[in-house]
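As provided, query.tsv (TSV, C-alpha atoms and all ligand atoms) reads as follows.
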chain	number	residue	atom	x	y	z
K	37	MET	CA	-86.88	67.74	53.64
K	38	TYR	CA	-87.07	70.90	55.63
K	39	ILE	CA	-86.30	70.88	59.26
K	40	TYR	CA	-87.77	73.71	61.22
K	41	ILE	CA	-85.97	74.90	64.25
K	42	TYR	CA	-88.53	76.92	66.07
K	43	ILE	CA	-87.11	79.07	68.78
K	44	TYR	CA	-89.53	80.98	70.88
K	45	GLN	CA	-87.64	82.73	73.57
K	46	ILE	CA	-88.78	84.96	76.34
K	47	LEU	CA	-85.79	87.01	77.27
K	48	GLY	CA	-86.73	87.91	80.77
K	49	PHE	CA	-87.86	91.50	80.70
K	50	GLY	CA	-91.07	91.40	78.76
K	51	TRP	CA	-89.98	91.37	75.14
K	52	ARG	CA	-90.11	88.31	72.96
K	53	LYS	CA	-88.15	87.01	70.10
K	54	LYS	CA	-89.45	84.55	67.61
K	55	LEU	CA	-87.16	82.86	65.12
K	56	ILE	CA	-87.86	80.22	62.54
K	57	LEU	CA	-84.93	78.61	60.78
K	58	PRO	CA	-85.59	76.38	57.82
K	59	LEU	CA	-82.77	73.94	57.23
K	60	PHE	CA	-81.95	71.64	54.44
K	61	VAL	CA	-80.97	68.68	56.46
K	62	ASP	CA	-82.63	65.41	55.77
K	63	ALA	CA	-82.63	64.41	59.37
K	64	GLY	CA	-85.97	64.77	61.06
K	65	PHE	CA	-88.00	67.44	62.71
K	66	TRP	CA	-86.78	69.32	65.73
K	67	ARG	CA	-88.47	72.05	67.59
K	68	VAL	CA	-87.10	74.44	70.13
K	69	GLU	CA	-89.76	76.18	72.12
K	70	MET	CA	-90.38	78.37	75.15
K	71	GLY	CA	-86.90	79.46	75.93
K	72	GLY	CA	-85.20	77.04	73.62
K	73	SER	CA	-86.19	73.56	74.84
K	74	TYR	CA	-85.74	70.97	72.18
K	75	GLU	CA	-87.73	67.92	71.47
K	76	LYS	CA	-87.83	65.50	68.68
K	77	ILE	CA	-91.25	65.25	67.20
K	78	LYS	CA	-90.34	63.04	64.31
K	79	LYS	CA	-90.20	59.87	66.33
K	80	ASN	CA	-93.62	60.58	67.79
K	81	GLY	CA	-95.06	60.61	64.29
K	82	ASP	CA	-96.16	64.24	64.34
K	83	VAL	CA	-94.75	64.82	60.90
K	84	GLY	CA	-93.85	62.60	58.04
K	85	GLY	CA	-90.36	61.83	56.89
K	86	ASP	CA	-87.48	59.60	57.68
K	87	ALA	CA	-86.87	58.39	61.18
K	88	CYS	CA	-83.36	59.75	61.33
K	89	CYS	CA	-82.69	62.03	64.30
K	90	ASP	CA	-79.05	63.03	64.51
K	91	PRO	CA	-77.52	65.36	61.91
K	92	SER	CA	-74.30	63.41	62.20
K	93	GLU	CA	-76.06	60.63	60.35
K	94	GLU	CA	-76.46	62.83	57.26
K	95	THR	CA	-74.64	61.41	54.27
K	96	ASP	CA	-73.96	64.68	52.41
K	97	PRO	CA	-70.73	66.09	53.99
K	98	VAL	CA	-71.78	69.73	53.49
K	99	ASN	CA	-75.19	69.27	54.96
K	100	ARG	CA	-73.74	67.11	57.70
K	101	THR	CA	-71.37	69.91	58.75
K	102	LYS	CA	-74.21	72.42	58.73
K	103	GLY	CA	-76.35	70.03	60.70
K	104	LYS	CA	-73.64	69.43	63.27
K	105	LYS	CA	-73.06	73.17	63.75
K	106	LEU	CA	-76.74	73.81	64.19
K	107	TRP	CA	-77.12	70.81	66.44
K	108	LYS	CA	-74.39	72.10	68.71
K	109	LYS	CA	-75.90	75.56	68.74
K	110	VAL	CA	-79.42	74.39	69.40
K	111	LYS	CA	-78.65	71.69	71.89
K	112	TYR	CA	-77.13	74.10	74.38
K	113	GLU	CA	-79.79	76.76	74.23
K	114	LEU	CA	-81.35	77.78	77.51
K	115	ILE	CA	-84.65	76.07	78.08
K	116	GLY	CA	-87.88	76.61	79.97
K	117	TYR	CA	-88.95	75.17	83.32
K	118	HIS	CA	-91.49	72.78	81.83
K	119	SER	CA	-88.86	71.22	79.57
K	120	LEU	CA	-86.51	70.39	82.43
K	121	PRO	CA	-85.89	66.85	83.56
K	122	ALA	CA	-87.68	66.22	86.85
K	123	TYR	CA	-84.56	66.32	89.01
K	124	LEU	CA	-83.80	69.89	87.90
K	125	LYS	CA	-87.30	71.20	88.60
K	126	ASP	CA	-86.97	73.13	91.81
K	127	ASN	CA	-88.68	76.48	91.51
K	128	GLU	CA	-91.74	76.75	89.28
K	129	TYR	CA	-91.73	80.54	89.57
K	130	ILE	CA	-88.50	80.78	87.59
K	131	LEU	CA	-89.74	80.07	84.11
K	132	ASN	CA	-86.83	80.37	81.71
K	133	HIS	CA	-83.09	80.54	81.09
K	134	TYR	CA	-82.29	77.08	82.41
K	135	ARG	CA	-79.31	74.99	81.39
K	136	ALA	CA	-79.97	71.26	81.31
K	137	GLU	CA	-77.58	68.36	80.86
K	138	TRP	CA	-74.89	70.27	79.07
K	139	PRO	CA	-71.41	68.78	78.72
K	140	LEU	CA	-69.06	69.70	81.55
K	141	ALA	CA	-66.87	71.96	79.36
K	142	HIS	CA	-69.91	74.00	78.32
K	143	ILE	CA	-71.08	74.21	81.91
K	144	LEU	CA	-67.70	75.47	83.11
K	145	ARG	CA	-67.70	78.14	80.40
K	146	SER	CA	-71.25	79.11	81.36
K	147	VAL	CA	-69.86	80.79	84.47
K	148	PHE	CA	-69.38	83.77	82.13
K	149	LEU	CA	-72.78	83.40	80.41
K	150	LEU	CA	-76.12	84.84	81.41
K	151	HIS	CA	-78.59	82.23	82.67
K	152	ASN	CA	-80.76	81.91	85.74
K	153	GLU	CA	-77.89	80.55	87.88
K	154	THR	CA	-75.33	83.22	86.96
K	155	GLY	CA	-76.35	85.45	89.87
K	156	ASN	CA	-76.33	82.52	92.29
K	157	VAL	CA	-72.87	81.43	91.19
K	158	TRP	CA	-71.30	84.88	91.36
K	159	THR	CA	-72.89	86.10	94.60
K	160	HIS	CA	-71.15	83.30	96.46
K	161	LEU	CA	-68.01	83.22	94.30
K	162	ILE	CA	-67.44	86.90	95.07
K	163	GLY	CA	-68.22	86.10	98.72
K	164	PHE	CA	-65.60	83.33	98.65
K	165	PHE	CA	-62.92	85.70	97.33
K	166	LEU	CA	-63.99	88.31	99.87
K	167	PHE	CA	-63.41	85.87	102.73
K	168	LEU	CA	-60.21	84.56	101.19
K	169	GLY	CA	-58.94	88.14	101.11
K	170	LEU	CA	-60.12	88.73	104.69
K	171	SER	CA	-58.35	85.56	105.85
K	172	ILE	CA	-55.07	86.59	104.25
K	173	TYR	CA	-55.41	90.18	105.45
K	174	THR	CA	-56.28	89.10	108.99
K	175	ALA	CA	-53.48	86.54	109.16
K	176	GLN	CA	-50.99	89.20	108.10
K	177	ASN	CA	-52.27	92.03	110.27
K	178	ILE	CA	-53.66	90.41	113.37
K	179	PRO	CA	-51.37	90.98	116.34
K	180	ILE	CA	-49.24	87.95	116.90
K	181	VAL	CA	-48.09	86.67	120.21
K	182	ASP	CA	-44.70	88.35	120.25
K	183	ASP	CA	-46.15	91.75	119.32
K	184	LEU	CA	-48.37	91.84	122.37
K	185	HIS	CA	-46.64	89.96	125.07
K	186	PRO	CA	-42.89	89.76	124.71
K	187	LEU	CA	-42.54	88.37	128.21
K	188	GLN	CA	-44.54	85.32	127.27
K	189	ARG	CA	-42.45	84.34	124.28
K	190	LEU	CA	-41.05	81.36	126.05
K	191	ALA	CA	-44.46	80.03	127.03
K	192	ASN	CA	-45.72	80.61	123.52
K	193	ARG	CA	-43.02	78.38	122.09
K	194	LEU	CA	-44.54	75.40	123.84
K	195	PRO	CA	-46.15	73.03	121.34
K	196	ASN	CA	-49.92	73.09	121.14
K	197	PRO	CA	-51.69	71.08	118.44
K	198	PHE	CA	-54.83	73.23	118.65
K	199	SER	CA	-53.20	76.60	118.22
K	200	ILE	CA	-52.17	78.17	114.94
K	201	TRP	CA	-49.48	80.23	116.61
K	202	GLY	CA	-48.62	77.80	119.34
K	203	SER	CA	-49.65	77.55	122.94
K	204	ASN	CA	-50.53	80.71	124.79
K	205	GLY	CA	-52.12	82.16	127.84
K	206	ALA	CA	-55.66	81.60	126.69
K	207	GLU	CA	-55.12	77.90	126.24
K	208	ALA	CA	-53.68	77.86	129.68
K	209	GLY	CA	-56.75	79.77	130.84
K	210	LEU	CA	-59.03	77.24	129.21
K	211	LEU	CA	-57.27	74.52	131.09
K	212	GLY	CA	-57.74	76.48	134.26
K	213	GLU	CA	-54.05	76.95	134.82
K	214	ASP	CA	-53.70	80.65	134.35
K	215	GLY	CA	-56.18	83.41	134.91
K	216	GLY	CA	-53.88	86.19	133.72
K	217	THR	CA	-53.79	88.10	130.46
K	218	GLY	CA	-52.18	86.65	127.40
K	219	PRO	CA	-52.48	86.33	123.66
K	220	ILE	CA	-55.06	83.81	122.69
K	221	THR	CA	-55.26	81.04	120.20
K	222	ARG	CA	-56.67	81.88	116.79
K	223	TRP	CA	-57.99	78.53	115.65
K	224	PRO	CA	-61.69	79.23	116.40
K	225	PHE	CA	-61.52	82.44	114.37
K	226	PHE	CA	-59.82	80.80	111.41
K	227	ALA	CA	-62.10	77.76	111.66
K	228	PHE	CA	-64.97	80.18	111.09
K	229	LEU	CA	-63.23	81.79	108.11
K	230	GLY	CA	-62.48	78.32	106.69
K	231	GLY	CA	-66.10	77.25	107.18
K	232	ALA	CA	-67.33	80.39	105.44
K	233	MET	CA	-65.00	79.88	102.47
K	234	PHE	CA	-65.95	76.20	102.17
K	235	CYS	CA	-69.66	77.04	102.26
K	236	LEU	CA	-69.39	79.82	99.69
K	237	LEU	CA	-67.21	77.84	97.28
K	238	ALA	CA	-69.32	74.68	97.59
K	239	SER	CA	-72.48	76.68	96.99
K	240	SER	CA	-71.03	78.42	93.96
K	241	ALA	CA	-69.83	75.11	92.48
K	242	CYS	CA	-73.20	73.52	93.19
K	243	HIS	CA	-75.08	76.23	91.32
K	244	LEU	CA	-72.68	76.03	88.40
K	245	LEU	CA	-72.44	72.26	88.01
K	246	SER	CA	-75.72	70.73	89.20
K	247	CYS	CA	-77.38	71.00	85.81
K	248	HIS	CA	-74.89	68.55	84.27
K	249	SER	CA	-76.55	65.28	85.26
K	250	ARG	CA	-78.71	63.66	87.88
K	251	HIS	CA	-75.69	62.12	89.57
K	252	LEU	CA	-73.64	65.32	89.71
K	253	SER	CA	-76.69	67.23	90.88
K	254	TYR	CA	-77.12	64.79	93.76
K	255	VAL	CA	-73.45	65.04	94.77
K	256	MET	CA	-73.26	68.83	94.49
K	257	LEU	CA	-76.46	69.40	96.48
K	258	ARG	CA	-75.03	67.27	99.30
K	259	LEU	CA	-71.88	69.33	99.18
K	260	ASP	CA	-73.97	72.51	99.31
K	261	TYR	CA	-75.90	71.34	102.39
K	262	ALA	CA	-72.65	70.23	104.04
K	263	GLY	CA	-71.22	73.69	103.35
K	264	ILE	CA	-74.19	75.43	105.00
K	265	ALA	CA	-73.95	73.13	108.04
K	266	ALA	CA	-70.17	73.75	108.19
K	267	LEU	CA	-70.65	77.53	108.08
K	268	ILE	CA	-73.25	77.50	110.85
K	269	THR	CA	-71.17	75.15	112.99
K	270	ALA	CA	-67.93	77.06	112.47
K	271	SER	CA	-69.74	80.32	113.19
K	272	PHE	CA	-70.24	79.11	116.76
K	273	TYR	CA	-66.58	78.48	117.42
K	274	PRO	CA	-65.32	82.06	117.95
K	275	PRO	CA	-68.19	83.28	120.20
K	276	VAL	CA	-68.31	80.09	122.23
K	277	TYR	CA	-64.56	79.66	122.58
K	278	TYR	CA	-63.74	83.28	123.36
K	279	SER	CA	-66.75	83.77	125.65
K	280	PHE	CA	-66.20	80.63	127.69
K	281	MET	CA	-62.48	80.03	127.43
K	282	CYS	CA	-62.26	80.52	131.18
K	283	ASN	CA	-65.13	78.07	131.78
K	284	PRO	CA	-63.86	74.86	130.22
K	285	PHE	CA	-67.04	72.89	131.01
K	286	PHE	CA	-69.40	75.22	129.13
K	287	CYS	CA	-66.84	75.84	126.42
K	288	ARG	CA	-66.58	72.16	125.62
K	289	LEU	CA	-70.32	71.55	126.13
K	290	TYR	CA	-71.36	74.21	123.60
K	291	LEU	CA	-68.62	73.31	121.10
K	292	ALA	CA	-69.46	69.59	121.29
K	293	THR	CA	-73.22	70.25	120.98
K	294	ILE	CA	-73.02	72.44	117.89
K	295	THR	CA	-70.46	70.15	116.26
K	296	ALA	CA	-72.75	67.14	116.86
K	297	LEU	CA	-75.73	69.13	115.48
K	298	GLY	CA	-73.73	70.07	112.38
K	299	LEU	CA	-72.67	66.48	111.74
K	300	ALA	CA	-76.25	65.24	112.28
K	301	THR	CA	-77.53	67.80	109.79
K	302	ILE	CA	-74.96	66.71	107.20
K	303	LEU	CA	-75.92	63.05	107.70
K	304	PHE	CA	-79.65	63.88	107.49
K	305	SER	CA	-79.04	65.84	104.29
K	306	LEU	CA	-77.63	62.68	102.70
K	307	LEU	CA	-81.16	61.25	102.54
K	308	PRO	CA	-82.52	61.60	98.99
K	309	VAL	CA	-85.86	62.93	100.26
K	310	PHE	CA	-84.06	65.94	101.77
K	311	GLN	CA	-83.63	67.71	98.43
K	312	LYS	CA	-87.22	67.44	97.21
K	313	PRO	CA	-88.82	70.83	96.56
K	314	GLU	CA	-91.59	70.15	99.07
K	315	PHE	CA	-88.90	69.77	101.73
K	316	ARG	CA	-87.67	73.33	101.20
K	317	PRO	CA	-89.36	74.57	104.42
K	318	VAL	CA	-87.88	71.58	106.31
K	319	ARG	CA	-84.39	72.41	105.03
K	320	ALA	CA	-84.81	76.06	105.89
K	321	SER	CA	-86.18	75.19	109.35
K	322	LEU	CA	-83.35	72.78	110.08
K	323	PHE	CA	-80.61	75.27	109.22
K	324	PHE	CA	-82.56	78.05	110.92
K	325	GLY	CA	-82.89	75.88	114.04
K	326	MET	CA	-79.16	75.23	114.03
K	327	GLY	CA	-78.54	78.94	113.97
K	328	LEU	CA	-81.18	79.56	116.63
K	329	SER	CA	-79.40	77.19	119.02
K	330	GLY	CA	-76.75	79.93	119.23
K	331	ALA	CA	-79.18	81.87	121.42
K	332	ALA	CA	-78.17	79.76	124.45
K	333	PRO	CA	-74.42	80.58	124.51
K	334	VAL	CA	-75.08	84.21	123.55
K	335	ALA	CA	-77.57	84.64	126.42
K	336	HIS	CA	-75.14	82.87	128.73
K	337	LYS	CA	-72.35	85.22	127.63
K	338	LEU	CA	-74.53	88.25	128.36
K	339	ILE	CA	-75.24	86.98	131.86
K	340	LEU	CA	-71.54	86.40	132.55
K	341	PHE	CA	-70.26	89.62	130.96
K	342	ARG	CA	-73.24	91.97	131.04
K	343	HIS	CA	-71.03	94.88	132.13
K	344	ARG	CA	-68.43	94.34	129.43
K	345	PRO	CA	-68.80	96.58	126.37
K	346	GLU	CA	-67.15	93.88	124.22
K	347	ALA	CA	-69.88	91.42	125.19
K	348	LEU	CA	-72.56	93.92	124.14
K	349	VAL	CA	-70.84	94.82	120.87
K	350	THR	CA	-70.32	91.18	119.89
K	351	THR	CA	-73.92	90.40	120.82
K	352	GLY	CA	-75.04	93.24	118.57
K	353	TYR	CA	-73.10	91.74	115.66
K	354	GLU	CA	-74.49	88.29	116.46
K	355	LEU	CA	-78.06	89.63	116.49
K	356	LEU	CA	-77.39	91.34	113.17
K	357	MET	CA	-76.00	88.11	111.74
K	358	GLY	CA	-78.99	86.16	113.06
K	359	ALA	CA	-81.39	88.68	111.55
K	360	LEU	CA	-79.63	88.53	108.15
K	361	TYR	CA	-79.60	84.72	108.14
K	362	GLY	CA	-83.18	84.60	109.41
K	363	VAL	CA	-84.51	86.93	106.73
K	364	GLY	CA	-82.46	84.97	104.19
K	365	ALA	CA	-84.00	81.67	105.31
K	366	LEU	CA	-87.48	83.22	105.16
K	367	ILE	CA	-86.93	84.52	101.63
K	368	TYR	CA	-85.46	81.16	100.61
K	369	ALA	CA	-88.47	79.25	101.96
K	370	THR	CA	-91.17	81.57	100.64
K	371	ARG	CA	-89.56	82.25	97.24
K	372	VAL	CA	-90.32	85.92	97.32
K	373	PRO	CA	-90.39	87.93	95.04
K	374	GLU	CA	-90.62	85.53	92.07
K	375	ARG	CA	-93.83	83.94	93.37
K	376	TRP	CA	-95.54	87.33	92.93
K	377	ARG	CA	-94.45	87.75	89.32
K	378	PRO	CA	-93.31	84.40	87.90
K	379	GLY	CA	-90.78	84.75	85.12
K	380	LYS	CA	-89.88	88.37	85.87
K	381	PHE	CA	-86.99	87.59	88.21
K	382	ASP	CA	-85.45	84.69	86.31
K	383	LEU	CA	-82.12	86.41	85.74
K	384	ALA	CA	-81.86	88.92	88.55
K	385	GLY	CA	-83.51	89.50	91.89
K	386	HIS	CA	-85.02	86.09	92.64
K	387	SER	CA	-85.17	84.73	96.17
K	388	HIS	CA	-82.08	82.55	96.01
K	389	GLN	CA	-79.87	85.43	94.94
K	390	LEU	CA	-81.21	87.55	97.80
K	391	PHE	CA	-80.62	84.65	100.17
K	392	HIS	CA	-77.00	84.38	98.97
K	393	VAL	CA	-76.32	88.09	99.47
K	394	LEU	CA	-77.81	87.94	102.99
K	395	VAL	CA	-75.62	84.93	103.84
K	396	VAL	CA	-72.46	86.79	102.81
K	397	ALA	CA	-73.59	89.88	104.74
K	398	GLY	CA	-74.35	87.77	107.83
K	399	ALA	CA	-70.97	86.05	107.67
K	400	PHE	CA	-69.25	89.44	107.35
K	401	ALA	CA	-71.07	90.69	110.48
K	402	HIS	CA	-69.77	87.59	112.24
K	403	TYR	CA	-66.24	88.31	111.04
K	404	ARG	CA	-66.47	91.75	112.63
K	405	ALA	CA	-67.65	90.18	115.89
K	406	GLY	CA	-64.68	87.79	115.74
K	407	LEU	CA	-62.26	90.70	115.57
K	408	VAL	CA	-63.82	92.22	118.70
K	409	TYR	CA	-63.45	88.90	120.53
K	410	LEU	CA	-59.78	88.66	119.56
K	411	GLU	CA	-59.07	92.21	120.69
K	412	TRP	CA	-60.90	91.66	123.95
K	413	ARG	CA	-59.27	88.39	124.87
K	414	ASP	CA	-55.83	89.36	123.60
K	415	ALA	CA	-55.91	92.30	125.96
K	416	GLU	CA	-57.37	90.55	128.97
K	417	GLY	CA	-57.14	86.80	128.69
K	418	CYS	CA	-59.32	85.19	131.32
N	501	ZN	ZN	-77.54	78.58	96.90
Encoding of this model in structure tokens:
Amino acid sequence: MYIYIYIYQILGFGWRKKLILPLFVDAGFWRVEMGGSYEKIKKNGDVGGDACCDPSEETDPVNRTKGKKLWKKVKYELIGYHSLPAYLKDNEYILNHYRAEWPLAHILRSVFLLHNETGNVWTHLIGFFLFLGLSIYTAQNIPIVDDLHPLQRLANRLPNPFSIWGSNGAEAGLLGEDGGTGPITRWPFFAFLGGAMFCLLASSACHLLSCHSRHLSYVMLRLDYAGIAALITASFYPPVYYSFMCNPFFCRLYLATITALGLATILFSLLPVFQKPEFRPVRASLFFGMGLSGAAPVAHKLILFRHRPEALVTTGYELLMGALYGVGALIYATRVPERWRPGKFDLAGHSHQLFHVLVVAGAFAHYRAGLVYLEWRDAEGC
């Protein structure tokens, strides 16, 4: 009996390819349609023939080998939105080039293949390596305690569990013991870099692996949400710490508040309902609200240091970061531009890719602000 493999693929940019493969495998009837989705029709009684379904059941060794090869090839074709299992249906304006329930090895190799998640994976994977490089570069080139303040070497040798380079004048300032200049602790700055790297790597892994199975999709999406909450939370640490290191009450109040908000968001995101497509605006609003809560410490900083150029420069970077994240959240929630031309942005240019690029750009603006804070507080302390 003939088996027809019917592949009808739309390859993204307006041209179509239609391929019909007759096979001599006495196995059943399989059809691949609209971007390569497969379905067995034989069992539904659409065509006559034997009720066999898997080419591996073929008794002729030659035909069985052919069947297996074709089965492997066909099974891991990219498929269309309407052929996806329900848990993978997220954006109805992206019509084709989906992977669905591939084996893990195939999914890992697909990082180098072209599908509708390739751009999402690489935008944040490149962002991760960018921030890894920035972390290494900054750690190697940032002025260390002894470079700036040789006279304070002794004090800097004192143990301090919260400081990467040991205790210093700023910690003393935070504790209200010393209002003089001194090199400051770096942990808030590197906490931000760590949060950014965690977010970007978790997001990249989520986009690569979620199509494997319902269970892995659930786990990876939680990791993705946790990464976003971690990035937003960690983004507060440098501005809050370095702005209010001489006001321990407000410093601790703002740090505790944003940390509690971040943890609450992570816990809320554990609810299964959180990932439903109709909750996209809720997700966007929640993360946007977390970011917006940064307005309070920034406004407070401007009141305290309105005559300081460093305060104005860092506020400029923070406004830029907020604008980039805000536009990103808006694009994410509205799914522009693919909603205007469904299927035309499947591979490149859809809203999630734009959102990813804006997140990396926003985090980079924040990194620049962090450098200004370090320079300012290194030079002046409290
Ligand atoms: Zn993403």
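The point (-71.8, 77.2, 114.2) has these residues within 10 Å of it, counting only C-alpha atoms: Phe228, Gly231, Ile264, Ala265, Ala266, Leu267, Ile268, Thr269, Ala270, Ser271, Phe272, Tyr273, Pro274, Pro275, Val276, Tyr290, Leu291, Thr293, Ile294, Thr295, Leu297, Gly298, Met326, Gly327, Leu328, Ser329 and Gly330 of chain K.
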Can you tell me which residues sit at most 8 Å away from ligand ZN 501 (chain N), counting all atoms listed in the file, written as a PyMOL selection string? chain K and resi 156-157+160+239-240+242-243+260+388-389+391-392
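Note that CA of Tyr409 in chain K and CA of Ile339 in chain K are 16.5 Å apart.
For the set K:Arg145, K:Gly263, K:Arg258, K:Leu355, the residue with the smallest atom-to-atom gap to Phe310 in chain K is K:Arg258, counting all atoms listed in the file.
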Around all of range 352-361 of chain K's listed atoms, make the axis-aligned box with 5 Å on each side and tell me centre and edge lengths in Å to one decimal, as JSON.
{"center_x": -77.2, "center_y": 89.0, "center_z": 113.4, "size_x": 18.3, "size_y": 18.5, "size_z": 20.4}
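Taking CA of Leu306 in chain K as the reference point, CA of Ala122 in chain K is found at 19.1 Å.
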